[in-house]
$ cat final16.cif   # mmCIF, C-alpha atoms
data_entry
#
loop_
_atom_site.group_PDB
_atom_site.id
_atom_site.type_symbol
_atom_site.label_atom_id
_atom_site.label_comp_id
_atom_site.auth_asym_id
_atom_site.auth_seq_id
_atom_site.Cartn_x
_atom_site.Cartn_y
_atom_site.Cartn_z
ATOM 1 C CA MET O 1 2.205 -6.167 3.018
ATOM 2 C CA ALA O 2 -0.801 -6.314 0.751
ATOM 3 C CA SER O 3 -0.940 -9.075 -1.809
ATOM 4 C CA PHE O 4 -0.481 -8.127 -5.450
ATOM 5 C CA ASP O 5 -2.276 -11.260 -6.602
ATOM 6 C CA SER O 6 -5.678 -9.690 -6.901
ATOM 7 C CA LEU O 7 -6.417 -7.493 -9.882
ATOM 8 C CA ALA O 8 -9.328 -5.978 -8.044
ATOM 9 C CA GLU O 9 -9.181 -2.300 -7.340
ATOM 10 C CA PHE O 10 -9.432 -1.121 -3.775
ATOM 11 C CA THR O 11 -10.506 2.101 -2.220
ATOM 12 C CA ILE O 12 -10.469 3.053 1.456
ATOM 13 C CA ALA O 13 -12.480 5.403 3.623
ATOM 14 C CA LEU O 14 -10.591 8.684 3.429
ATOM 15 C CA VAL O 15 -11.940 12.045 4.502
ATOM 16 C CA THR O 16 -10.633 15.530 5.195
ATOM 17 C CA LYS O 17 -10.562 17.008 8.674
ATOM 18 C CA SER O 18 -14.024 18.389 7.902
ATOM 19 C CA GLY O 19 -15.341 14.993 6.833
ATOM 20 C CA THR O 20 -15.428 15.459 3.056
ATOM 21 C CA PRO O 21 -14.825 12.095 1.297
ATOM 22 C CA ILE O 22 -11.708 11.915 -0.871
ATOM 23 C CA LYS O 23 -11.702 9.620 -3.906
ATOM 24 C CA ASN O 24 -8.783 7.202 -3.812
ATOM 25 C CA ILE O 25 -7.510 3.882 -5.099
ATOM 26 C CA GLN O 26 -4.944 1.335 -4.017
ATOM 27 C CA SER O 27 -3.685 0.348 -7.432
ATOM 28 C CA ARG O 28 -2.542 -3.166 -8.342
ATOM 29 C CA GLU O 29 -1.565 -2.436 -11.919
ATOM 30 C CA PHE O 30 1.811 -4.130 -11.833
ATOM 31 C CA SER O 31 3.411 -7.076 -10.123
ATOM 32 C CA ASN O 32 6.210 -7.344 -7.573
ATOM 33 C CA PHE O 33 8.352 -9.041 -10.205
ATOM 34 C CA GLU O 34 8.028 -6.144 -12.608
ATOM 35 C CA ALA O 35 8.645 -3.634 -9.870
ATOM 36 C CA GLY O 36 12.208 -4.948 -9.786
ATOM 37 C CA GLN O 37 12.794 -4.261 -13.467
ATOM 38 C CA PHE O 38 12.999 -0.488 -13.400
ATOM 39 C CA ALA O 39 16.759 0.071 -13.456
ATOM 40 C CA VAL O 40 16.424 2.001 -16.701
ATOM 41 C CA PHE O 41 14.462 4.687 -14.897
ATOM 42 C CA ASP O 42 16.871 4.742 -11.959
ATOM 43 C CA ARG O 43 19.681 5.662 -14.340
ATOM 44 C CA LYS O 44 17.833 8.684 -15.704
ATOM 45 C CA TYR O 45 17.880 10.479 -12.358
ATOM 46 C CA PRO O 46 21.323 9.736 -10.901
ATOM 47 C CA LEU O 47 21.239 12.478 -8.269
ATOM 48 C CA VAL O 48 18.125 11.342 -6.428
ATOM 49 C CA ARG O 49 18.273 9.042 -3.393
ATOM 50 C CA LYS O 50 16.072 5.978 -3.454
ATOM 51 C CA ARG O 51 14.082 5.477 -0.261
ATOM 52 C CA THR O 52 11.838 2.515 -1.162
ATOM 53 C CA GLU O 53 11.235 -0.079 -3.831
ATOM 54 C CA PRO O 54 8.577 0.755 -6.455
ATOM 55 C CA ASN O 55 4.988 0.033 -5.499
ATOM 56 C CA PRO O 56 1.678 1.111 -6.998
ATOM 57 C CA ILE O 57 -0.390 1.261 -3.789
ATOM 58 C CA TYR O 58 0.136 4.961 -3.036
ATOM 59 C CA ASN O 59 1.310 7.933 -5.036
ATOM 60 C CA CYS O 60 2.827 11.301 -4.167
ATOM 61 C CA HIS O 61 -0.443 12.757 -2.894
ATOM 62 C CA GLY O 62 -1.046 9.584 -0.912
ATOM 63 C CA LEU O 63 2.347 10.062 0.735
ATOM 64 C CA THR O 64 1.832 13.761 1.391
ATOM 65 C CA PHE O 65 -1.805 13.762 2.464
ATOM 66 C CA ALA O 66 -2.813 10.157 3.322
ATOM 67 C CA SER O 67 0.065 8.555 5.254
ATOM 68 C CA ARG O 68 1.151 6.292 2.383
ATOM 69 C CA ARG O 69 -2.096 4.308 2.448
ATOM 70 C CA THR O 70 -3.593 4.931 -1.003
ATOM 71 C CA GLN O 71 -3.500 6.999 -4.190
ATOM 72 C CA ILE O 72 -5.233 10.374 -4.305
ATOM 73 C CA PHE O 73 -5.383 11.332 -7.968
ATOM 74 C CA GLN O 74 -7.925 14.084 -8.536
ATOM 75 C CA SER O 75 -6.599 17.641 -8.468
ATOM 76 C CA SER O 76 -9.946 18.892 -7.227
ATOM 77 C CA ASP O 77 -9.509 16.678 -4.162
ATOM 78 C CA ILE O 78 -6.078 18.167 -3.486
ATOM 79 C CA GLN O 79 -7.651 21.618 -3.440
ATOM 80 C CA ILE O 80 -10.300 20.372 -1.001
ATOM 81 C CA ILE O 81 -7.658 18.856 1.273
ATOM 82 C CA LEU O 82 -5.569 22.036 1.237
ATOM 83 C CA LYS O 83 -8.613 24.053 2.220
ATOM 84 C CA GLU O 84 -10.318 21.758 4.714
ATOM 85 C CA ASP O 85 -7.159 20.500 6.426
ATOM 86 C CA GLY O 86 -6.112 24.064 7.200
ATOM 87 C CA TYR O 87 -3.199 24.594 4.809
ATOM 88 C CA THR O 88 -2.040 28.107 3.987
ATOM 89 C CA GLU O 89 0.189 28.941 1.040
ATOM 90 C CA ILE O 90 3.516 30.362 2.181
ATOM 91 C CA ASP O 91 6.336 32.139 0.425
ATOM 92 C CA LYS O 92 9.408 30.125 -0.454
ATOM 93 C CA SER O 93 11.501 32.361 1.787
ATOM 94 C CA SER O 94 9.504 31.043 4.773
ATOM 95 C CA VAL O 95 9.681 27.333 3.939
ATOM 96 C CA LEU O 96 10.878 24.988 6.696
ATOM 97 C CA ALA O 97 11.342 21.248 6.924
ATOM 98 C CA GLY O 98 7.930 19.630 7.254
ATOM 99 C CA ASP O 99 6.153 21.980 4.876
ATOM 100 C CA VAL O 100 4.371 20.657 1.795
ATOM 101 C CA ILE O 101 5.340 21.380 -1.807
ATOM 102 C CA VAL O 102 2.852 21.040 -4.693
ATOM 103 C CA TYR O 103 3.783 21.176 -8.389
ATOM 104 C CA PHE O 104 0.936 22.494 -10.537
ATOM 105 C CA ASP O 105 0.839 22.421 -14.314
ATOM 106 C CA PRO O 106 -0.216 25.660 -16.081
ATOM 107 C CA ASN O 107 -3.853 24.512 -16.080
ATOM 108 C CA GLY O 108 -3.886 23.852 -12.345
ATOM 109 C CA ASP O 109 -3.460 20.092 -12.367
ATOM 110 C CA ALA O 110 -1.637 19.115 -9.164
ATOM 111 C CA GLU O 111 0.917 16.945 -10.951
ATOM 112 C CA HIS O 112 3.030 16.225 -7.909
ATOM 113 C CA SER O 113 3.501 16.861 -4.209
ATOM 114 C CA GLY O 114 5.988 16.066 -1.496
ATOM 115 C CA ILE O 115 7.246 16.997 1.936
ATOM 116 C CA VAL O 116 10.223 19.279 2.517
ATOM 117 C CA VAL O 117 12.834 17.426 4.559
ATOM 118 C CA ALA O 118 15.755 19.856 4.439
ATOM 119 C CA VAL O 119 16.320 23.512 3.677
ATOM 120 C CA LEU O 120 19.697 24.859 2.637
ATOM 121 C CA ASP O 121 19.547 28.594 3.255
ATOM 122 C CA GLY O 122 21.372 30.912 0.925
ATOM 123 C CA PRO O 123 20.653 33.186 -2.026
ATOM 124 C CA LEU O 124 18.811 30.422 -3.907
ATOM 125 C CA LYS O 125 17.360 28.563 -0.890
ATOM 126 C CA SER O 126 17.719 24.948 -1.954
ATOM 127 C CA LEU O 127 15.046 22.492 -0.807
ATOM 128 C CA SER O 128 15.303 18.752 -0.377
ATOM 129 C CA ILE O 129 12.047 16.866 -0.864
ATOM 130 C CA VAL O 130 10.798 13.397 -0.027
ATOM 131 C CA SER O 131 8.131 12.327 -2.479
ATOM 132 C CA LYS O 132 6.826 9.397 -4.444
ATOM 133 C CA TRP O 133 6.815 9.495 -8.222
ATOM 134 C CA GLY O 134 3.511 7.939 -9.220
ATOM 135 C CA LYS O 135 3.675 4.140 -8.982
ATOM 136 C CA TYR O 136 7.462 4.283 -8.841
ATOM 137 C CA ARG O 137 9.659 4.769 -5.765
ATOM 138 C CA GLU O 138 9.817 7.103 -2.840
ATOM 139 C CA LEU O 139 12.772 9.355 -3.476
ATOM 140 C CA ILE O 140 14.668 12.193 -1.866
ATOM 141 C CA HIS O 141 15.420 14.815 -4.469
ATOM 142 C CA SER O 142 16.131 18.488 -4.903
ATOM 143 C CA GLU O 143 13.130 20.680 -5.594
ATOM 144 C CA TYR O 144 13.924 20.964 -9.302
ATOM 145 C CA ASP O 145 15.188 17.447 -10.026
ATOM 146 C CA CYS O 146 12.021 15.548 -10.905
ATOM 147 C CA PRO O 147 9.916 14.784 -14.009
ATOM 148 C CA TYR O 148 7.124 17.255 -13.221
ATOM 149 C CA ASN O 149 6.189 20.745 -14.316
ATOM 150 C CA LEU O 150 8.442 23.241 -12.547
ATOM 151 C CA THR O 151 6.723 26.442 -13.649
ATOM 152 C CA ASN O 152 4.109 26.709 -10.909
ATOM 153 C CA ILE O 153 5.430 25.392 -7.602
ATOM 154 C CA LYS O 154 3.645 26.302 -4.384
ATOM 155 C CA TYR O 155 4.449 25.732 -0.714
ATOM 156 C CA TYR O 156 1.992 25.060 2.090
ATOM 157 C CA ARG O 157 1.891 24.720 5.868
ATOM 158 C CA VAL O 158 -0.969 23.786 8.164
ATOM 159 C CA THR O 159 -1.698 26.960 10.074
ATOM 160 C CA LYS O 160 -5.405 26.664 10.853
ATOM 161 C CA TRP O 161 -6.800 24.188 13.320
ATOM 162 C CA LYS O 162 -10.429 25.303 13.486
ATOM 163 C CA MET Q 1 -1.068 -7.468 -34.807
ATOM 164 C CA GLU Q 2 1.717 -6.585 -32.414
ATOM 165 C CA VAL Q 3 0.417 -3.247 -31.242
ATOM 166 C CA GLU Q 4 3.267 -2.929 -28.744
ATOM 167 C CA LYS Q 5 5.806 -2.855 -31.566
ATOM 168 C CA LEU Q 6 4.307 0.367 -32.877
ATOM 169 C CA LEU Q 7 4.627 2.110 -29.520
ATOM 170 C CA ASP Q 8 7.509 3.894 -27.827
ATOM 171 C CA LEU Q 9 7.021 1.638 -24.822
ATOM 172 C CA GLU Q 10 9.979 2.782 -22.745
ATOM 173 C CA ALA Q 11 8.944 6.437 -22.771
ATOM 174 C CA LEU Q 12 5.286 5.562 -22.296
ATOM 175 C CA THR Q 13 6.067 3.248 -19.394
ATOM 176 C CA GLU Q 14 8.045 6.044 -17.746
ATOM 177 C CA SER Q 15 5.125 8.466 -18.138
ATOM 178 C CA TYR Q 16 2.722 5.846 -16.814
ATOM 179 C CA LEU Q 17 4.887 5.048 -13.795
ATOM 180 C CA PHE Q 18 5.535 8.671 -12.862
ATOM 181 C CA ALA Q 19 1.917 9.809 -13.316
ATOM 182 C CA ASN Q 20 0.301 10.944 -10.084
ATOM 183 C CA THR Q 21 -2.808 12.204 -11.852
ATOM 184 C CA PRO Q 22 -4.745 11.135 -14.960
ATOM 185 C CA GLY Q 23 -4.018 14.612 -16.355
ATOM 186 C CA TYR Q 24 -0.264 13.966 -16.319
ATOM 187 C CA LEU Q 25 -0.718 10.634 -18.068
ATOM 188 C CA TYR Q 26 -3.078 12.189 -20.633
ATOM 189 C CA ARG Q 27 -0.729 15.058 -21.490
ATOM 190 C CA HIS Q 28 2.450 12.999 -21.664
ATOM 191 C CA PHE Q 29 0.920 10.158 -23.703
ATOM 192 C CA ARG Q 30 -0.577 12.612 -26.185
ATOM 193 C CA ARG Q 31 2.837 14.246 -26.638
ATOM 194 C CA ASN Q 32 4.346 10.885 -27.610
ATOM 195 C CA SER Q 33 4.178 10.695 -31.388
ATOM 196 C CA SER Q 34 3.884 6.895 -31.430
ATOM 197 C CA ILE Q 35 0.350 7.214 -29.999
ATOM 198 C CA GLU Q 36 -0.867 9.334 -32.897
ATOM 199 C CA GLN Q 37 0.841 6.950 -35.317
ATOM 200 C CA LEU Q 38 -0.990 4.048 -33.700
ATOM 201 C CA ILE Q 39 -4.407 5.422 -34.573
ATOM 202 C CA LYS Q 40 -3.238 6.069 -38.149
ATOM 203 C CA GLN Q 41 -1.839 2.576 -38.658
ATOM 204 C CA VAL Q 42 -4.273 0.275 -36.881
ATOM 205 C CA PRO Q 43 -8.033 0.036 -37.559
ATOM 206 C CA ILE Q 44 -10.215 1.192 -34.689
ATOM 207 C CA GLN Q 45 -12.000 -2.146 -34.361
ATOM 208 C CA VAL Q 46 -8.649 -3.904 -33.942
ATOM 209 C CA LEU Q 47 -7.598 -1.413 -31.281
ATOM 210 C CA ILE Q 48 -10.848 -1.923 -29.370
ATOM 211 C CA LYS Q 49 -10.310 -5.672 -29.407
ATOM 212 C CA GLU Q 50 -6.673 -5.296 -28.349
ATOM 213 C CA TYR Q 51 -7.646 -2.920 -25.534
ATOM 214 C CA ASN Q 52 -10.270 -5.206 -24.080
ATOM 215 C CA ALA Q 53 -7.931 -8.207 -24.179
ATOM 216 C CA ARG Q 54 -5.050 -6.382 -22.488
ATOM 217 C CA ALA Q 55 -7.086 -4.475 -19.923
ATOM 218 C CA ILE Q 56 -8.684 -7.690 -18.700
ATOM 219 C CA ARG Q 57 -5.408 -9.619 -18.558
ATOM 220 C CA LYS Q 58 -3.062 -6.970 -17.106
ATOM 221 C CA GLU Q 59 -0.441 -9.662 -16.511
ATOM 222 C CA LEU Q 60 2.443 -7.498 -17.648
ATOM 223 C CA LEU Q 61 3.088 -3.823 -17.182
ATOM 224 C CA LYS Q 62 3.442 -3.382 -20.933
ATOM 225 C CA GLU Q 63 -0.123 -4.621 -21.366
ATOM 226 C CA VAL Q 64 -1.427 -1.932 -19.032
ATOM 227 C CA VAL Q 65 0.676 0.731 -20.770
ATOM 228 C CA THR Q 66 -0.562 -0.476 -24.161
ATOM 229 C CA ALA Q 67 -4.172 -0.395 -22.984
ATOM 230 C CA TYR Q 68 -3.766 3.211 -21.841
ATOM 231 C CA SER Q 69 -2.002 4.008 -25.132
ATOM 232 C CA ILE Q 70 -5.012 2.739 -27.066
ATOM 233 C CA LEU Q 71 -7.391 4.890 -25.019
ATOM 234 C CA ILE Q 72 -5.237 7.966 -25.595
ATOM 235 C CA ALA Q 73 -4.995 7.089 -29.302
ATOM 236 C CA PHE Q 74 -8.793 7.367 -29.475
ATOM 237 C CA THR Q 75 -8.473 11.021 -28.434
ATOM 238 C CA PHE Q 76 -6.938 11.778 -31.841
ATOM 239 C CA LEU Q 77 -10.138 10.688 -33.599
ATOM 240 C CA ASP Q 78 -13.020 12.962 -34.477
ATOM 241 C CA TYR Q 79 -15.152 13.689 -31.431
ATOM 242 C CA GLN Q 80 -18.077 11.416 -32.234
ATOM 243 C CA GLU Q 81 -15.832 8.661 -33.536
ATOM 244 C CA ALA Q 82 -13.795 8.803 -30.327
ATOM 245 C CA LEU Q 83 -16.907 8.625 -28.169
ATOM 246 C CA GLN Q 84 -18.090 5.565 -30.084
ATOM 247 C CA ALA Q 85 -14.714 3.915 -29.565
ATOM 248 C CA PHE Q 86 -14.814 4.663 -25.832
ATOM 249 C CA GLU Q 87 -18.326 3.193 -25.672
ATOM 250 C CA LYS Q 88 -17.037 -0.123 -27.001
ATOM 251 C CA THR Q 89 -14.246 -0.403 -24.442
ATOM 252 C CA ASN Q 90 -14.601 -1.444 -20.816
ATOM 253 C CA LEU Q 91 -13.067 1.664 -19.253
ATOM 254 C CA ALA Q 92 -13.516 0.397 -15.704
ATOM 255 C CA LEU Q 93 -10.883 -2.267 -16.282
ATOM 256 C CA LEU Q 94 -8.169 0.347 -15.794
ATOM 257 C CA ASP Q 95 -7.754 2.537 -12.724
ATOM 258 C CA TRP Q 96 -8.074 5.720 -14.769
ATOM 259 C CA GLY Q 97 -10.032 4.567 -17.823
ATOM 260 C CA ASN Q 98 -13.069 6.684 -17.066
ATOM 261 C CA GLU Q 99 -10.881 9.657 -16.152
ATOM 262 C CA ILE Q 100 -9.153 9.498 -19.552
ATOM 263 C CA LYS Q 101 -12.497 9.679 -21.319
ATOM 264 C CA ALA Q 102 -13.585 12.556 -19.065
ATOM 265 C CA LEU Q 103 -10.388 14.458 -19.856
ATOM 266 C CA PHE Q 104 -10.975 13.960 -23.558
ATOM 267 C CA VAL Q 105 -14.518 15.333 -23.316
ATOM 268 C CA PHE Q 106 -13.347 18.238 -21.139
ATOM 269 C CA ASN Q 107 -10.453 19.126 -23.434
ATOM 270 C CA THR Q 108 -12.379 18.952 -26.704
ATOM 271 C CA PRO Q 109 -14.919 21.763 -26.458
ATOM 272 C CA SER Q 110 -14.628 23.123 -29.973
ATOM 273 C CA THR Q 111 -15.970 19.986 -31.602
ATOM 274 C CA ASN Q 112 -18.274 19.156 -28.753
ATOM 275 C CA SER Q 113 -21.306 20.627 -30.385
ATOM 276 C CA TYR Q 114 -23.894 20.063 -32.987
ATOM 277 C CA THR Q 115 -25.004 22.860 -35.272
ATOM 278 C CA GLU Q 116 -27.924 22.823 -37.625
ATOM 279 C CA THR Q 117 -29.548 25.532 -39.619
ATOM 280 C CA ILE Q 118 -33.276 25.071 -39.723
ATOM 281 C CA SER Q 119 -35.616 26.485 -42.282
ATOM 282 C CA SER Q 120 -38.363 28.658 -40.890
ATOM 283 C CA THR Q 121 -40.731 26.473 -42.801
ATOM 284 C CA THR Q 122 -40.076 23.699 -40.276
ATOM 285 C CA PRO Q 123 -40.752 25.419 -36.961
ATOM 286 C CA SER Q 124 -41.265 22.076 -35.288
ATOM 287 C CA LYS Q 125 -37.491 21.731 -35.188
ATOM 288 C CA LEU Q 126 -37.285 24.811 -33.028
ATOM 289 C CA LYS Q 127 -39.292 22.935 -30.443
ATOM 290 C CA ILE Q 128 -36.747 20.142 -30.632
ATOM 291 C CA ALA Q 129 -33.992 22.648 -30.066
ATOM 292 C CA GLU Q 130 -35.796 23.960 -27.022
ATOM 293 C CA ALA Q 131 -36.348 20.443 -25.753
ATOM 294 C CA VAL Q 132 -32.642 19.579 -25.880
ATOM 295 C CA LYS Q 133 -31.720 22.910 -24.318
ATOM 296 C CA ALA Q 134 -29.774 24.268 -27.275
ATOM 297 C CA GLU Q 135 -27.009 26.588 -26.120
ATOM 298 C CA THR Q 136 -27.935 29.137 -28.717
ATOM 299 C CA ALA Q 137 -30.974 29.389 -30.908
ATOM 300 C CA THR Q 138 -30.957 32.315 -33.268
ATOM 301 C CA TYR Q 139 -33.176 32.974 -36.206
ATOM 302 C CA SER Q 140 -33.592 35.407 -39.023
ATOM 303 C CA SER Q 141 -36.627 35.861 -41.174
ATOM 304 C CA VAL Q 142 -35.455 32.892 -43.196
ATOM 305 C CA ASN Q 143 -33.590 30.444 -40.956
ATOM 306 C CA PHE Q 144 -33.211 29.190 -37.419
ATOM 307 C CA LYS Q 145 -29.712 28.191 -36.332
ATOM 308 C CA ILE Q 146 -29.231 26.054 -33.268
ATOM 309 C CA GLU Q 147 -26.107 24.927 -31.489
ATOM 310 C CA VAL Q 148 -26.287 22.126 -28.979
ATOM 311 C CA ASN Q 149 -23.530 21.203 -26.575
ATOM 312 C CA LEU Q 150 -23.625 17.427 -26.447
#

$ encode --input "final16.cif" --output "structure tokens"
Amino acid sequence: MASFDSLAEFTIALVTKSGTPIKNIQSREFSNFEAGQFAVFDRKYPLVRKRTEPNPIYNCHGLTFASRRTQIFQSSDIQIILKEDGYTEIDKSSVLAGDVIVYFDPNGDAEHSGIVVAVLDGPLKSLSIVSKWGKYRELIHSEYDCPYNLTNIKYYRVTKWK
Amino acid sequence: MEVEKLLDLEALTESYLFANTPGYLYRHFRRNSSIEQLIKQVPIQVLIKEYNARAIRKELLKEVVTAYSILIAFTFLDYQEALQAFEKTNLALLDWGNEIKALFVFNTPSTNSYTETISSTTPSKLKIAEAVKAETATYSSVNFKIEVNL
């Protein structure tokens, strides 16, 4: 595990399938000790399942698009990844486990993303998501139980390989 | 001055922790009324000093949250005043310091301009307007009016 002792900021070589560089950072903005002090936030979302302890190294987009290695934080980079990695937007009625969910704010900021891990079919089609909330934990939560804008949710699947 | 005591630190810490993008942090911090109160209650020079001290130290999470709070507080100043405040802070000390400034500039278009009406008796100023690539340069028989996006 990486040391939290250094306050230096780190970035890694990260590119899309087409080779476009993606800006990223492995944040160190809080300590291991403080990461254990977040019970107050755990209580606010009692229905979510905690998967990991808090850590600032990667964020939701880092989980979804960079194998938990770093933070991707620019919305413009998310659009580049979706395009160059071969993602296609799909209708919610087609969503399967393994697809990607992205929460956009009304101005197009990709506030959040995650990976669909379960689909409960029915009239409302309930989705279960694994995602990371910023510098906080990885969590498993329902599609609508998270602190992000819920008005413009989109679903994606990699369908293009060349 | 205990800047932290003026802030709604629990809510701000939550927004900071959950932010995946600088845009999320920017929007949620600006919605927190304690940020706007901060800029009304504490002199700018004090805030700049407090920012630089906390952003260098970053020993506690609340220091990082307070440093971001100070940057967002600057966004409630007049455009030029805010830019001057940003200039005096070391934005690179925080992961998203430069992004916060960029969001402020991007989201403040209406005041992001300079307008001057120039008398036709001073045509040399028109050349200045042309030199700085004024967005609009209109003139009547009496006056020139230029608008420059800074």

$ resolve_selection --input "final16.cif" --expression "the PyMOL selection byres ((chain Q) within 8 of (chain O))" --output "ChimeraX atom specification"
/Q:14,16-24,58-61,64,95

$ residues_around --input "final16.cif" --residues "stretch 45-53 of chain Q" --least-positions-apart "3" --cutoff "10 Å" --atoms "all atoms listed in the file" --output "list in words"
Met1, Glu2, Val3, Leu38, Ile39, Val42, Ile56, Arg57, Lys58, Glu63, Val64, Thr66, Ala67, Tyr68, Ser69, Ile70, Leu71, Ala73, Phe74, Ala85, Phe86, Glu87, Lys88, Thr89, Asn90, Leu91 and Leu93 of chain Q

$ resolve_selection --input "final16.cif" --expression "the PyMOL selection byres ((chain Q and resi 83) around 12)" --output "PyMOL selection string"
chain Q and resi 44+71-72+74-82+84-89+91+98+100-102+104-105+108+111-112+150

$ atom_distance --input "final16.cif" --atom1 "atom CA of O:Ala66" --atom2 "atom CA of O:Val15"
9.4 Å

$ atom_distance --input "final16.cif" --atom1 "atom CA of O:Ser142" --atom2 "atom CA of Q:Arg30"
27.7 Å

$ closest_residue --input "final16.cif" --among "O:Ala39, O:Leu120, O:Ile115, O:Leu139" --to "O:Arg157" --atoms "only C-alpha atoms"
O:Ile115

$ resolve_selection --input "final16.cif" --expression "the PyMOL selection byres ((chain O and resi 101) around 6)" --output "list in words"
Val100, Val102, Ser113, Gly114, Lys154 and Tyr155 of chain O

$ atom_distance --input "final16.cif" --atom1 "atom CA of Q:Ala11" --atom2 "atom CA of O:Tyr144"
20.4 Å

$ residues_around --input "final16.cif" --residues "stretch 88-95 of chain O" --least-positions-apart "4" --cutoff "8 Å" --atoms "all atoms listed in the file" --output "list in words"
Leu82, Lys83, Asp99, Val119, Lys125, Lys154, Tyr155, Tyr156, Arg157, Val158, Thr159 and Lys160 of chain O

$ build_atoms --input "final16.cif" --residues "stretch 86-106 of chain O" --atoms "N, CA and C atoms" --output "PDB file, in the frame of the given file"
ATOM      1  N   GLY O  86      -6.700  22.885   6.572  1.00  0.00           N
ATOM      2  CA  GLY O  86      -6.112  24.064   7.200  1.00  0.00           C
ATOM      3  C   GLY O  86      -4.770  24.511   6.656  1.00  0.00           C
ATOM      4  N   TYR O  87      -4.466  24.155   5.396  1.00  0.00           N
ATOM      5  CA  TYR O  87      -3.199  24.594   4.809  1.00  0.00           C
ATOM      6  C   TYR O  87      -3.287  26.053   4.365  1.00  0.00           C
ATOM      7  N   THR O  88      -2.171  26.744   4.497  1.00  0.00           N
ATOM      8  CA  THR O  88      -2.040  28.107   3.987  1.00  0.00           C
ATOM      9  C   THR O  88      -0.828  28.144   3.065  1.00  0.00           C
ATOM     10  N   GLU O  89      -0.970  28.804   1.925  1.00  0.00           N
ATOM     11  CA  GLU O  89       0.189  28.941   1.040  1.00  0.00           C
ATOM     12  C   GLU O  89       1.194  29.889   1.674  1.00  0.00           C
ATOM     13  N   ILE O  90       2.460  29.521   1.615  1.00  0.00           N
ATOM     14  CA  ILE O  90       3.516  30.362   2.181  1.00  0.00           C
ATOM     15  C   ILE O  90       4.545  30.685   1.113  1.00  0.00           C
ATOM     16  N   ASP O  91       5.287  31.740   1.349  1.00  0.00           N
ATOM     17  CA  ASP O  91       6.336  32.139   0.425  1.00  0.00           C
ATOM     18  C   ASP O  91       7.538  31.207   0.575  1.00  0.00           C
ATOM     19  N   LYS O  92       8.249  31.032  -0.514  1.00  0.00           N
ATOM     20  CA  LYS O  92       9.408  30.125  -0.454  1.00  0.00           C
ATOM     21  C   LYS O  92      10.419  30.571   0.604  1.00  0.00           C
ATOM     22  N   SER O  93      10.529  31.872   0.809  1.00  0.00           N
ATOM     23  CA  SER O  93      11.501  32.361   1.787  1.00  0.00           C
ATOM     24  C   SER O  93      11.175  31.903   3.206  1.00  0.00           C
ATOM     25  N   SER O  94       9.920  31.485   3.431  1.00  0.00           N
ATOM     26  CA  SER O  94       9.504  31.043   4.773  1.00  0.00           C
ATOM     27  C   SER O  94       9.528  29.529   4.945  1.00  0.00           C
ATOM     28  N   VAL O  95       9.824  28.793   3.890  1.00  0.00           N
ATOM     29  CA  VAL O  95       9.681  27.333   3.939  1.00  0.00           C
ATOM     30  C   VAL O  95      10.639  26.706   4.955  1.00  0.00           C
ATOM     31  N   LEU O  96      10.096  25.762   5.726  1.00  0.00           N
ATOM     32  CA  LEU O  96      10.878  24.988   6.696  1.00  0.00           C
ATOM     33  C   LEU O  96      10.669  23.502   6.436  1.00  0.00           C
ATOM     34  N   ALA O  97      11.536  22.704   6.997  1.00  0.00           N
ATOM     35  CA  ALA O  97      11.342  21.248   6.924  1.00  0.00           C
ATOM     36  C   ALA O  97       9.980  20.900   7.512  1.00  0.00           C
ATOM     37  N   GLY O  98       9.272  20.004   6.815  1.00  0.00           N
ATOM     38  CA  GLY O  98       7.930  19.630   7.254  1.00  0.00           C
ATOM     39  C   GLY O  98       6.826  20.281   6.444  1.00  0.00           C
ATOM     40  N   ASP O  99       7.163  21.350   5.735  1.00  0.00           N
ATOM     41  CA  ASP O  99       6.153  21.980   4.876  1.00  0.00           C
ATOM     42  C   ASP O  99       5.893  21.119   3.638  1.00  0.00           C
ATOM     43  N   VAL O 100       4.791  21.425   2.968  1.00  0.00           N
ATOM     44  CA  VAL O 100       4.371  20.657   1.795  1.00  0.00           C
ATOM     45  C   VAL O 100       4.662  21.449   0.526  1.00  0.00           C
ATOM     46  N   ILE O 101       5.108  20.763  -0.501  1.00  0.00           N
ATOM     47  CA  ILE O 101       5.340  21.380  -1.807  1.00  0.00           C
ATOM     48  C   ILE O 101       4.390  20.739  -2.814  1.00  0.00           C
ATOM     49  N   VAL O 102       3.749  21.559  -3.653  1.00  0.00           N
ATOM     50  CA  VAL O 102       2.852  21.040  -4.693  1.00  0.00           C
ATOM     51  C   VAL O 102       3.270  21.636  -6.032  1.00  0.00           C
ATOM     52  N   TYR O 103       3.408  20.760  -7.038  1.00  0.00           N
ATOM     53  CA  TYR O 103       3.783  21.176  -8.389  1.00  0.00           C
ATOM     54  C   TYR O 103       2.513  21.191  -9.244  1.00  0.00           C
ATOM     55  N   PHE O 104       2.116  22.372  -9.690  1.00  0.00           N
ATOM     56  CA  PHE O 104       0.936  22.494 -10.537  1.00  0.00           C
ATOM     57  C   PHE O 104       1.363  22.678 -11.994  1.00  0.00           C
ATOM     58  N   ASP O 105       0.592  22.115 -12.904  1.00  0.00           N
ATOM     59  CA  ASP O 105       0.839  22.421 -14.314  1.00  0.00           C
ATOM     60  C   ASP O 105       0.119  23.749 -14.627  1.00  0.00           C
ATOM     61  N   PRO O 106       0.367  24.343 -15.800  1.00  0.00           N
ATOM     62  CA  PRO O 106      -0.216  25.660 -16.081  1.00  0.00           C
ATOM     63  C   PRO O 106      -1.744  25.694 -16.010  1.00  0.00           C
TER      64      PRO O 106
END
